[in-house]
file start05.pdb (PDB, C-alpha atoms)
ATOM      1  CA  MET V   1      -4.559 -36.594  40.245
ATOM      2  CA  THR V   2      -3.294 -36.472  36.689
ATOM      3  CA  HIS V   3      -5.060 -37.934  33.684
ATOM      4  CA  LYS V   4      -3.558 -39.283  30.521
ATOM      5  CA  PHE V   5      -4.389 -37.313  27.395
ATOM      6  CA  PRO V   6      -6.318 -38.568  25.542
ATOM      7  CA  SER V   7      -8.617 -40.730  27.644
ATOM      8  CA  ALA V   8     -12.162 -40.950  28.971
ATOM      9  CA  GLU V   9     -10.925 -39.822  32.404
ATOM     10  CA  TRP V  10      -9.230 -36.784  30.917
ATOM     11  CA  THR V  11     -12.436 -35.900  29.055
ATOM     12  CA  ALA V  12     -14.478 -36.086  32.281
ATOM     13  CA  ALA V  13     -11.946 -33.862  34.077
ATOM     14  CA  TYR V  14     -12.053 -31.449  31.135
ATOM     15  CA  LYS V  15     -15.821 -31.123  31.473
ATOM     16  CA  ASP V  16     -15.354 -30.110  35.137
ATOM     17  CA  ALA V  17     -12.583 -27.669  34.199
ATOM     18  CA  LEU V  18     -14.807 -26.077  31.580
ATOM     19  CA  ASN V  19     -17.691 -25.678  33.996
ATOM     20  CA  ASN V  20     -15.346 -24.170  36.590
ATOM     21  CA  ASN V  21     -13.945 -21.593  34.146
ATOM     22  CA  ALA V  22     -15.782 -18.324  34.851
ATOM     23  CA  ALA V  23     -14.248 -16.700  31.760
ATOM     24  CA  TYR V  24     -15.686 -19.483  29.595
ATOM     25  CA  ARG V  25     -19.115 -19.165  31.217
ATOM     26  CA  GLU V  26     -19.117 -15.444  30.412
ATOM     27  CA  ALA V  27     -17.636 -15.630  26.900
ATOM     28  CA  GLY V  28     -19.740 -18.638  25.918
ATOM     29  CA  LYS V  29     -23.081 -17.520  27.297
ATOM     30  CA  GLY V  30     -24.349 -16.574  23.842
ATOM     31  CA  TRP V  31     -23.211 -19.848  22.261
ATOM     32  CA  THR V  32     -26.255 -21.887  21.263
ATOM     33  CA  HIS V  33     -24.853 -23.232  18.008
ATOM     34  CA  GLY V  34     -24.278 -26.816  19.038
ATOM     35  CA  ALA V  35     -21.669 -29.294  20.117
ATOM     36  CA  VAL V  36     -17.976 -29.236  19.280
ATOM     37  CA  GLY V  37     -15.938 -32.280  18.277
ATOM     38  CA  MET V  38     -12.194 -32.274  18.921
ATOM     39  CA  VAL V  39     -10.196 -34.895  17.054
ATOM     40  CA  VAL V  40      -6.644 -36.055  17.778
ATOM     41  CA  LYS V  41      -5.231 -37.649  14.653
ATOM     42  CA  ALA V  42      -3.878 -41.186  14.814
ATOM     43  CA  ASP V  43      -0.146 -41.582  15.335
ATOM     44  CA  PRO V  44       0.976 -45.196  15.778
ATOM     45  CA  THR V  45       4.476 -44.039  16.782
ATOM     46  CA  ILE V  46       3.055 -42.728  20.080
ATOM     47  CA  GLY V  47       0.505 -45.492  20.591
ATOM     48  CA  LEU V  48      -2.516 -43.837  18.959
ATOM     49  CA  ALA V  49      -3.520 -46.484  16.455
ATOM     50  CA  THR V  50      -6.712 -44.708  15.450
ATOM     51  CA  ASP V  51      -8.067 -41.168  15.563
ATOM     52  CA  GLN V  52      -9.293 -40.265  19.062
ATOM     53  CA  ALA V  53     -11.959 -37.697  19.760
ATOM     54  CA  MET V  54     -14.077 -35.770  22.234
ATOM     55  CA  TYR V  55     -17.653 -34.695  21.801
ATOM     56  CA  LEU V  56     -18.439 -31.601  23.851
ATOM     57  CA  ASP V  57     -22.057 -30.644  24.220
ATOM     58  CA  VAL V  58     -21.569 -26.972  25.022
ATOM     59  CA  ASN V  59     -24.417 -24.538  25.349
ATOM     60  CA  ALA V  60     -24.771 -21.040  26.827
ATOM     61  CA  GLY V  61     -21.431 -21.152  28.648
ATOM     62  CA  GLU V  62     -21.974 -24.614  30.099
ATOM     63  CA  CYS V  63     -20.629 -28.021  29.131
ATOM     64  CA  ARG V  64     -23.641 -30.300  29.448
ATOM     65  CA  GLU V  65     -21.785 -33.426  28.413
ATOM     66  CA  ALA V  66     -18.270 -34.442  27.419
ATOM     67  CA  LYS V  67     -17.748 -37.863  25.875
ATOM     68  CA  TRP V  68     -14.677 -39.716  24.705
ATOM     69  CA  VAL V  69     -15.808 -41.030  21.316
ATOM     70  CA  SER V  70     -14.759 -42.279  17.915
ATOM     71  CA  ARG V  71     -13.917 -39.757  15.200
ATOM     72  CA  ALA V  72     -17.105 -40.726  13.369
ATOM     73  CA  GLU V  73     -19.207 -39.840  16.400
ATOM     74  CA  ALA V  74     -17.305 -36.591  16.988
ATOM     75  CA  GLU V  75     -18.046 -35.645  13.394
ATOM     76  CA  THR V  76     -21.779 -35.653  14.118
ATOM     77  CA  ALA V  77     -21.145 -32.384  16.017
ATOM     78  CA  PRO V  78     -21.857 -29.172  14.071
ATOM     79  CA  PHE V  79     -18.263 -28.008  14.647
ATOM     80  CA  VAL V  80     -15.193 -30.227  14.352
ATOM     81  CA  ILE V  81     -11.578 -29.228  15.029
ATOM     82  CA  VAL V  82      -8.791 -31.612  14.017
ATOM     83  CA  GLY V  83      -5.115 -31.635  14.897
ATOM     84  CA  ASP V  84      -2.273 -33.993  15.587
ATOM     85  CA  TYR V  85      -1.178 -34.904  19.103
ATOM     86  CA  ALA V  86       1.743 -32.490  19.348
ATOM     87  CA  ARG V  87      -0.468 -29.557  18.280
ATOM     88  CA  TRP V  88      -3.147 -30.352  20.839
ATOM     89  CA  LYS V  89      -0.433 -30.679  23.465
ATOM     90  CA  ASP V  90       0.926 -27.217  22.590
ATOM     91  CA  VAL V  91      -2.552 -25.721  22.853
ATOM     92  CA  ILE V  92      -3.472 -27.564  26.063
ATOM     93  CA  THR V  93      -0.255 -26.522  27.773
ATOM     94  CA  GLY V  94      -0.794 -22.913  26.680
ATOM     95  CA  LYS V  95       2.318 -22.903  24.506
ATOM     96  CA  ASP V  96       0.151 -22.087  21.505
ATOM     97  CA  ASP V  97      -3.013 -20.022  21.139
ATOM     98  CA  PRO V  98      -5.831 -21.971  19.452
ATOM     99  CA  ILE V  99      -6.683 -19.197  16.989
ATOM    100  CA  LYS V 100      -3.050 -18.713  16.084
ATOM    101  CA  ALA V 101      -2.723 -22.495  15.683
ATOM    102  CA  MET V 102      -5.646 -22.430  13.241
ATOM    103  CA  MET V 103      -4.010 -19.616  11.261
ATOM    104  CA  GLN V 104      -0.845 -21.666  11.071
ATOM    105  CA  GLY V 105      -2.793 -24.708   9.875
ATOM    106  CA  LYS V 106      -1.819 -26.705  12.979
ATOM    107  CA  LEU V 107      -5.475 -27.071  13.981
ATOM    108  CA  LYS V 108      -8.156 -27.244  11.299
ATOM    109  CA  LEU V 109     -11.842 -26.523  11.481
ATOM    110  CA  THR V 110     -12.999 -29.372   9.240
ATOM    111  CA  LYS V 111     -16.691 -28.819   9.828
ATOM    112  CA  GLY V 112     -18.712 -25.830  10.926
ATOM    113  CA  HIS V 113     -19.581 -22.248  10.180
ATOM    114  CA  LEU V 114     -16.386 -20.220  10.549
ATOM    115  CA  PRO V 115     -18.075 -16.791  10.911
ATOM    116  CA  THR V 116     -19.862 -18.190  13.985
ATOM    117  CA  ILE V 117     -16.570 -19.384  15.489
ATOM    118  CA  ILE V 118     -15.066 -15.959  14.817
ATOM    119  CA  ARG V 119     -17.983 -14.200  16.514
ATOM    120  CA  TYR V 120     -17.259 -16.360  19.557
ATOM    121  CA  VAL V 121     -13.492 -16.212  19.303
ATOM    122  CA  GLU V 122     -13.008 -15.588  23.036
ATOM    123  CA  SER V 123     -15.362 -18.437  23.861
ATOM    124  CA  SER V 124     -13.374 -20.742  21.575
ATOM    125  CA  ARG V 125     -10.158 -19.608  23.208
ATOM    126  CA  GLN V 126     -11.514 -20.201  26.723
ATOM    127  CA  LEU V 127     -12.897 -23.562  25.638
ATOM    128  CA  VAL V 128      -9.409 -24.701  24.784
ATOM    129  CA  LYS V 129      -7.688 -22.818  27.623
ATOM    130  CA  SER V 130      -9.802 -24.699  30.173
ATOM    131  CA  ALA V 131      -7.882 -27.796  29.184
ATOM    132  CA  SER V 132      -4.768 -26.312  30.776
ATOM    133  CA  ASP V 133      -6.562 -26.568  34.146
ATOM    134  CA  VAL V 134      -6.648 -30.352  33.837
ATOM    135  CA  ALA V 135      -3.633 -32.045  35.397
ATOM    136  CA  THR V 136      -2.422 -33.935  32.365
ATOM    137  CA  THR V 137       0.066 -36.623  31.544
ATOM    138  CA  PHE V 138       1.114 -36.572  27.921
ATOM    139  CA  VAL V 139       2.351 -39.614  26.035
ATOM    140  CA  ILE V 140       5.103 -37.562  24.368
TER     141      ILE V 140
ATOM    142  CA  MET E   1     -22.772 -13.551 -11.083
ATOM    143  CA  SER E   2     -21.685 -15.677  -8.130
ATOM    144  CA  ALA E   3     -18.506 -15.236  -6.142
ATOM    145  CA  VAL E   4     -15.595 -17.496  -7.046
ATOM    146  CA  ILE E   5     -13.085 -18.046  -4.246
ATOM    147  CA  GLU E   6     -10.129 -20.347  -4.690
ATOM    148  CA  LEU E   7      -6.746 -21.176  -3.226
ATOM    149  CA  ALA E   8      -3.690 -20.793  -5.470
ATOM    150  CA  PRO E   9      -1.279 -23.734  -5.640
ATOM    151  CA  GLY E  10       0.712 -23.776  -2.397
ATOM    152  CA  ALA E  11      -1.917 -21.950  -0.365
ATOM    153  CA  SER E  12      -3.695 -25.092   0.802
ATOM    154  CA  GLU E  13      -1.137 -25.477   3.620
ATOM    155  CA  ASN E  14      -1.586 -21.874   4.772
ATOM    156  CA  GLY E  15      -4.086 -22.013   7.659
ATOM    157  CA  LEU E  16      -4.916 -18.318   7.432
ATOM    158  CA  ALA E  17      -5.624 -18.611   3.696
ATOM    159  CA  ILE E  18      -7.936 -21.568   4.328
ATOM    160  CA  MET E  19      -9.670 -19.685   7.139
ATOM    161  CA  LEU E  20     -10.178 -16.518   5.091
ATOM    162  CA  ALA E  21     -11.391 -18.478   2.044
ATOM    163  CA  ASP E  22     -13.976 -20.286   4.196
ATOM    164  CA  LEU E  23     -14.879 -17.106   6.019
ATOM    165  CA  LEU E  24     -15.484 -15.143   2.815
ATOM    166  CA  LYS E  25     -17.457 -17.965   1.151
ATOM    167  CA  GLN E  26     -19.723 -18.399   4.158
ATOM    168  CA  ASN E  27     -20.006 -14.666   4.732
ATOM    169  CA  LEU E  28     -21.142 -14.038   1.140
ATOM    170  CA  GLU E  29     -23.658 -16.879   1.430
ATOM    171  CA  ASP E  30     -25.007 -15.421   4.679
ATOM    172  CA  HIS E  31     -25.073 -11.838   3.360
ATOM    173  CA  PRO E  32     -25.773 -11.968  -0.409
ATOM    174  CA  HIS E  33     -25.870  -8.157  -0.579
ATOM    175  CA  LYS E  34     -22.100  -8.184   0.040
ATOM    176  CA  VAL E  35     -21.561  -9.897  -3.330
ATOM    177  CA  ARG E  36     -22.023  -6.504  -5.022
ATOM    178  CA  ASP E  37     -19.012  -5.135  -3.125
ATOM    179  CA  PHE E  38     -17.067  -8.346  -3.771
ATOM    180  CA  GLU E  39     -17.628  -8.005  -7.518
ATOM    181  CA  LYS E  40     -16.248  -4.465  -7.512
ATOM    182  CA  LEU E  41     -13.003  -5.345  -5.751
ATOM    183  CA  ASN E  42     -10.050  -5.404  -8.129
ATOM    184  CA  GLY E  43      -6.514  -5.546  -6.740
ATOM    185  CA  SER E  44      -4.433  -7.317  -4.127
ATOM    186  CA  VAL E  45      -4.181  -7.087  -0.367
ATOM    187  CA  ALA E  46      -1.434  -8.729   1.644
ATOM    188  CA  ILE E  47      -2.065  -9.685   5.260
ATOM    189  CA  VAL E  48       0.755 -10.612   7.604
ATOM    190  CA  ALA E  49      -0.138 -12.142  10.980
ATOM    191  CA  GLU E  50       3.170 -11.328  12.593
ATOM    192  CA  ASP E  51       2.989 -13.440  15.760
ATOM    193  CA  ALA E  52       1.759 -16.460  13.800
ATOM    194  CA  LEU E  53       4.471 -15.982  11.155
ATOM    195  CA  VAL E  54       1.851 -16.383   8.431
ATOM    196  CA  ALA E  55       1.332 -14.199   5.375
ATOM    197  CA  LEU E  56      -1.048 -14.362   2.474
ATOM    198  CA  THR E  57      -2.241 -12.273  -0.439
ATOM    199  CA  LEU E  58      -5.866 -11.816  -1.434
ATOM    200  CA  GLU E  59      -5.995 -11.206  -5.175
ATOM    201  CA  PHE E  60      -9.412  -9.813  -6.079
ATOM    202  CA  GLN E  61     -10.377  -9.909  -9.760
ATOM    203  CA  ARG E  62     -13.898  -8.410  -9.958
ATOM    204  CA  GLY E  63     -15.996 -11.354  -8.769
ATOM    205  CA  LYS E  64     -13.141 -13.787  -8.293
ATOM    206  CA  LEU E  65     -10.724 -14.095  -5.398
ATOM    207  CA  VAL E  66      -7.518 -16.110  -5.434
ATOM    208  CA  LEU E  67      -5.693 -16.560  -2.122
ATOM    209  CA  HIS E  68      -1.926 -16.952  -2.376
ATOM    210  CA  ASP E  69       0.532 -18.153   0.238
ATOM    211  CA  GLY E  70       2.901 -15.338   1.244
ATOM    212  CA  ILE E  71       3.243 -11.996  -0.517
ATOM    213  CA  TYR E  72       2.324 -12.357  -4.176
ATOM    214  CA  GLY E  73       2.861  -9.635  -6.754
ATOM    215  CA  ILE E  74       2.648  -5.999  -5.695
ATOM    216  CA  PRO E  75      -0.302  -5.558  -3.313
ATOM    217  CA  LEU E  76      -2.251  -2.286  -3.277
ATOM    218  CA  ILE E  77      -2.494  -2.581   0.494
ATOM    219  CA  THR E  78      -0.404  -4.479   3.036
ATOM    220  CA  VAL E  79      -1.610  -5.021   6.591
ATOM    221  CA  ARG E  80       0.737  -6.264   9.299
ATOM    222  CA  ALA E  81      -0.896  -7.122  12.606
ATOM    223  CA  SER E  82      -1.131  -9.702  15.358
ATOM    224  CA  SER E  83      -3.359 -12.729  14.827
ATOM    225  CA  ASP E  84      -5.857 -11.252  17.334
ATOM    226  CA  ASP E  85      -6.057  -7.996  15.380
ATOM    227  CA  VAL E  86      -6.428  -9.882  12.082
ATOM    228  CA  MET E  87      -9.383 -11.719  13.638
ATOM    229  CA  ASN E  88     -10.794  -8.448  14.958
ATOM    230  CA  MET E  89     -10.771  -7.027  11.435
ATOM    231  CA  SER E  90     -13.324  -9.696  10.531
ATOM    232  CA  LEU E  91     -15.527  -8.581  13.400
ATOM    233  CA  MET E  92     -15.648  -4.853  12.651
ATOM    234  CA  GLU E  93     -19.054  -3.348  13.311
ATOM    235  CA  LEU E  94     -20.735  -1.609  10.368
ATOM    236  CA  THR E  95     -23.271   1.188  10.490
ATOM    237  CA  LYS E  96     -26.782   0.286   9.350
ATOM    238  CA  ARG E  97     -26.697   3.151   6.888
ATOM    239  CA  PHE E  98     -23.982   2.949   4.194
ATOM    240  CA  ALA E  99     -22.336  -0.018   6.002
ATOM    241  CA  LEU E 100     -19.312   2.012   7.080
ATOM    242  CA  PRO E 101     -17.118   1.088  10.072
ATOM    243  CA  ASP E 102     -19.052   2.216  13.162
ATOM    244  CA  PRO E 103     -16.731   4.308  15.376
ATOM    245  CA  ARG E 104     -18.851   3.385  18.418
ATOM    246  CA  GLY E 105     -18.368  -0.357  17.953
ATOM    247  CA  PRO E 106     -16.210  -1.913  20.695
ATOM    248  CA  ILE E 107     -14.226  -4.042  18.232
ATOM    249  CA  ASN E 108     -13.681  -1.043  15.949
ATOM    250  CA  ARG E 109     -12.391   0.920  18.923
ATOM    251  CA  GLN E 110      -9.925  -1.894  19.675
ATOM    252  CA  VAL E 111      -8.798  -1.899  16.033
ATOM    253  CA  PHE E 112      -8.355   1.897  15.991
ATOM    254  CA  GLU E 113      -6.462   1.713  19.311
ATOM    255  CA  SER E 114      -4.155  -0.943  17.855
ATOM    256  CA  MET E 115      -3.546   1.295  14.826
ATOM    257  CA  LYS E 116      -2.764   4.282  17.028
ATOM    258  CA  ALA E 117      -0.441   2.197  19.184
ATOM    259  CA  GLY E 118       1.388   0.899  16.113
ATOM    260  CA  ARG E 119       0.259  -2.702  16.598
ATOM    261  CA  ILE E 120      -1.491  -2.628  13.216
ATOM    262  CA  HIS E 121       0.498  -1.259  10.298
ATOM    263  CA  SER E 122      -1.345  -0.685   7.067
ATOM    264  CA  TYR E 123       0.496   0.440   3.980
ATOM    265  CA  GLY E 124      -1.430   1.879   1.057
ATOM    266  CA  ALA E 125      -4.832   1.975   2.779
ATOM    267  CA  LEU E 126      -5.100   5.777   2.667
ATOM    268  CA  LEU E 127      -4.409   5.748  -1.064
ATOM    269  CA  HIS E 128      -7.186   3.235  -1.677
ATOM    270  CA  ILE E 129      -9.979   4.228   0.694
ATOM    271  CA  PRO E 130     -12.949   3.039  -1.446
ATOM    272  CA  PHE E 131     -11.196  -0.327  -1.889
ATOM    273  CA  MET E 132     -10.508  -0.552   1.861
ATOM    274  CA  LEU E 133     -14.133   0.242   2.747
ATOM    275  CA  ARG E 134     -15.440  -2.419   0.339
ATOM    276  CA  LEU E 135     -12.918  -4.902   1.684
ATOM    277  CA  THR E 136     -14.033  -4.174   5.261
ATOM    278  CA  ARG E 137     -17.671  -4.754   4.288
ATOM    279  CA  VAL E 138     -16.853  -8.016   2.532
ATOM    280  CA  MET E 139     -14.629  -9.309   5.342
ATOM    281  CA  SER E 140     -16.820  -8.319   8.280
ATOM    282  CA  VAL E 141     -19.072 -11.075   9.556
ATOM    283  CA  ASN E 142     -21.418  -8.371  10.886
TER     284      ASN E 142
END
call {"tool": "encode", "arguments": {"input": "start05.pdb", "output": "structure tokens"}}
result
Amino acid sequence: MTHKFPSAEWTAAYKDALNNNAAYREAGKGWTHGAVGMVVKADPTIGLATDQAMYLDVNAGECREAKWVSRAEAETAPFVIVGDYARWKDVITGKDDPIKAMMQGKLKLTKGHLPTIIRYVESSRQLVKSASDVATTFVI
Amino acid sequence: MSAVIELAPGASENGLAIMLADLLKQNLEDHPHKVRDFEKLNGSVAIVAEDALVALTLEFQRGKLVLHDGIYGIPLITVRASSDDVMNMSLMELTKRFALPDPRGPINRQVFESMKAGRIHSYGALLHIPFMLRLTRVMSVN
């Protein structure tokens, strides 16, 4: 079954994909630095009237909760990554590497301690790569 | 004296420049002893993340760092590497004594392997070893 990105259903499927990713469990086992917010910027031309976001409560290689939330709620997480729809699509489909996308300014860490993200670079990569395991329908 | 780190006009759209500016600011806050090395750095380093098609120049001015988009001026050292290797350079393990790159560190071994295999090219590093060692200490999150 495919899920539309972004949506609450997609977020729930993403939580399962994360918890089924052995590489994420291993790479993220030392991560105890708090939740991660992922924000898709509004784009009325593709039907996203407002910013959409996910709040991922990740800890020690496990996703304890994944919620589809407002940007304001996502920004309560200690780490927040922001990008537009096309960039998230490229990362989710594996066309782009998340770290490379950050270097290119396509994804931005707008909140959080960058040295911590860099120490857990493989965990961050697996966090995003798990999304490619979700059968996804994109709006563009 | 506190560290001043700023983006030159045009660098605010360069993701790598933003990342390195944030990284260095937070790293110097976390490890205040690294400020001494930061204040001694004087000269420019260009970094090219080849697969990401991103380049920037770090212009150190004894206690101040300006990050420029692309290659700016004539850098003392130029490093060309993949985005993974650029990230690894921020993770290099340092010895407890003298804070030199630890040859036993797994990340350092990956970096040295990449150098040997020609995946990291560094121009000018051997001519500026004290500068390179200080830069490694300042950049490393360890």
call {"tool": "axis_aligned_box", "arguments": {"input": "start05.pdb", "around": "range 94-111 of chain V", "padding_each_side": "3 Å", "output": "AutoDock Vina command-line options"}}
result
--center_x -7.2 --center_y -24.0 --center_z 18.0 --size_x 25.0 --size_y 16.7 --size_z 23.4
call {"tool": "residues_around", "arguments": {"input": "start05.pdb", "residues": "Lys89 in chain V", "least_positions_apart": "3", "cutoff": "12 Å", "atoms": "only C-alpha atoms", "output": "list in words"}}
result
Lys4, Phe5, Pro6, Val40, Gly83, Asp84, Tyr85, Ala86, Ile92, Thr93, Gly94, Lys95, Asp96, Asp97, Pro98, Ala101, Lys106, Leu107, Val128, Lys129, Ala131, Ser132, Thr136, Thr137, Phe138, Val139 and Ile140 of chain V
call {"tool": "resolve_selection", "arguments": {"input": "start05.pdb", "expression": "the PyMOL selection byres ((chain E) within 6 of (chain V))", "output": "ChimeraX atom specification"}}
result
/E:14-16,23,52,141
call {"tool": "atom_distance", "arguments": {"input": "start05.pdb", "atom1": "CA of Thr57 in chain E", "atom2": "CA of Ile74 in chain E"}}
result
9.5 Å
call {"tool": "residues_around", "arguments": {"input": "start05.pdb", "residues": "range 26-35 of chain E", "least_positions_apart": "6", "cutoff": "12 Å", "atoms": "all atoms listed in the file", "output": "number ranges by chain"}}
result
V: 112-119; E: 1-5, 19-20, 41, 62-65, 90-91, 99, 133-142
call {"tool": "atom_distance", "arguments": {"input": "start05.pdb", "atom1": "CA of Glu113 in chain E", "atom2": "CA of Asp69 in chain E"}}
result
28.4 Å
call {"tool": "residues_around", "arguments": {"input": "start05.pdb", "residues": "Ala135 in chain V", "least_positions_apart": "3", "cutoff": "8 Å", "atoms": "only C-alpha atoms", "output": "list in words"}}
result
Met1, Thr2, His3 and Ser132 of chain V
call {"tool": "write_last_selection", "arguments": {"input": "start05.pdb", "atoms": "C-alpha atoms", "output": "JSON list (two decimals), in the frame of the given file"}}
result
[["chain", "number", "residue", "atom", "x", "y", "z"],
["V", 1, "MET", "CA", -4.56, -36.59, 40.24],
["V", 2, "THR", "CA", -3.29, -36.47, 36.69],
["V", 3, "HIS", "CA", -5.06, -37.93, 33.68],
["V", 132, "SER", "CA", -4.77, -26.31, 30.78]]
call {"tool": "resolve_selection", "arguments": {"input": "start05.pdb", "expression": "the PyMOL selection byres ((chain V and resi 50) around 12)", "output": "list in words"}}
result
Pro6, Val39, Val40, Lys41, Ala42, Asp43, Pro44, Thr45, Ile46, Gly47, Leu48, Ala49, Asp51, Gln52, Ala53, Val69, Ser70, Arg71, Ala72, Asp84 and Tyr85 of chain V
call {"tool": "write_last_selection", "arguments": {"input": "start05.pdb", "atoms": "C-alpha atoms", "output": "PDB file, in the coordinates of the input"}}
result
ATOM      1  CA  PRO V   6      -6.318 -38.568  25.542  1.00  0.00           C
ATOM      2  CA  VAL V  39     -10.196 -34.895  17.054  1.00  0.00           C
ATOM      3  CA  VAL V  40      -6.644 -36.055  17.778  1.00  0.00           C
ATOM      4  CA  LYS V  41      -5.231 -37.649  14.653  1.00  0.00           C
ATOM      5  CA  ALA V  42      -3.878 -41.186  14.814  1.00  0.00           C
ATOM      6  CA  ASP V  43      -0.146 -41.582  15.335  1.00  0.00           C
ATOM      7  CA  PRO V  44       0.976 -45.196  15.778  1.00  0.00           C
ATOM      8  CA  THR V  45       4.476 -44.039  16.782  1.00  0.00           C
ATOM      9  CA  ILE V  46       3.055 -42.728  20.080  1.00  0.00           C
ATOM     10  CA  GLY V  47       0.505 -45.492  20.591  1.00  0.00           C
ATOM     11  CA  LEU V  48      -2.516 -43.837  18.959  1.00  0.00           C
ATOM     12  CA  ALA V  49      -3.520 -46.484  16.455  1.00  0.00           C
ATOM     13  CA  ASP V  51      -8.067 -41.168  15.563  1.00  0.00           C
ATOM     14  CA  GLN V  52      -9.293 -40.265  19.062  1.00  0.00           C
ATOM     15  CA  ALA V  53     -11.959 -37.697  19.760  1.00  0.00           C
ATOM     16  CA  VAL V  69     -15.808 -41.030  21.316  1.00  0.00           C
ATOM     17  CA  SER V  70     -14.759 -42.279  17.915  1.00  0.00           C
ATOM     18  CA  ARG V  71     -13.917 -39.757  15.200  1.00  0.00           C
ATOM     19  CA  ALA V  72     -17.105 -40.726  13.369  1.00  0.00           C
ATOM     20  CA  ASP V  84      -2.273 -33.993  15.587  1.00  0.00           C
ATOM     21  CA  TYR V  85      -1.178 -34.904  19.103  1.00  0.00           C
TER      22      TYR V  85
END
call {"tool": "atom_distance", "arguments": {"input": "start05.pdb", "atom1": "CA of Pro130 in chain E", "atom2": "CA of Glu39 in chain E"}}
result
13.4 Å
call {"tool": "residues_near_point", "arguments": {"input": "start05.pdb", "point": "(-3.2, 3.4, 1.0)", "cutoff": "12 Å", "atoms": "all atoms listed in the file", "output": "list of chain:residue names"}}
result
E:Ser44, E:Val45, E:Pro75, E:Leu76, E:Ile77, E:Thr78, E:Val79, E:His121, E:Ser122, E:Tyr123, E:Gly124, E:Ala125, E:Leu126, E:Leu127, E:His128, E:Ile129, E:Pro130, E:Phe131, E:Met132, E:Leu133
call {"tool": "resolve_selection", "arguments": {"input": "start05.pdb", "expression": "the PyMOL selection byres ((chain V and resi 32) around 6)", "output": "ChimeraX atom specification"}}
result
/V:31,33-34,59-60
call {"tool": "write_last_selection", "arguments": {"input": "start05.pdb", "atoms": "C-alpha atoms", "output": "compact mmCIF listing (two decimals), in the coordinates of the input"}}
result
# COMPACT_ATOMS: atom_id res chain seq x y z
CA TRP V 31 -23.21 -19.85 22.26
CA HIS V 33 -24.85 -23.23 18.01
CA GLY V 34 -24.28 -26.82 19.04
CA ASN V 59 -24.42 -24.54 25.35
CA ALA V 60 -24.77 -21.04 26.83
call {"tool": "closest_residue", "arguments": {"input": "start05.pdb", "among": "E:Arg109, E:Thr95, E:Arg104, E:Leu7", "to": "Glu59 in chain E", "atoms": "all atoms listed in the file"}}
result
E:Leu7
call {"tool": "closest_residue", "arguments": {"input": "start05.pdb", "among": "E:His68, E:Glu50, E:Lys116, E:Arg36", "to": "Ile18 in chain E", "atoms": "all atoms listed in the file"}}
result
E:His68
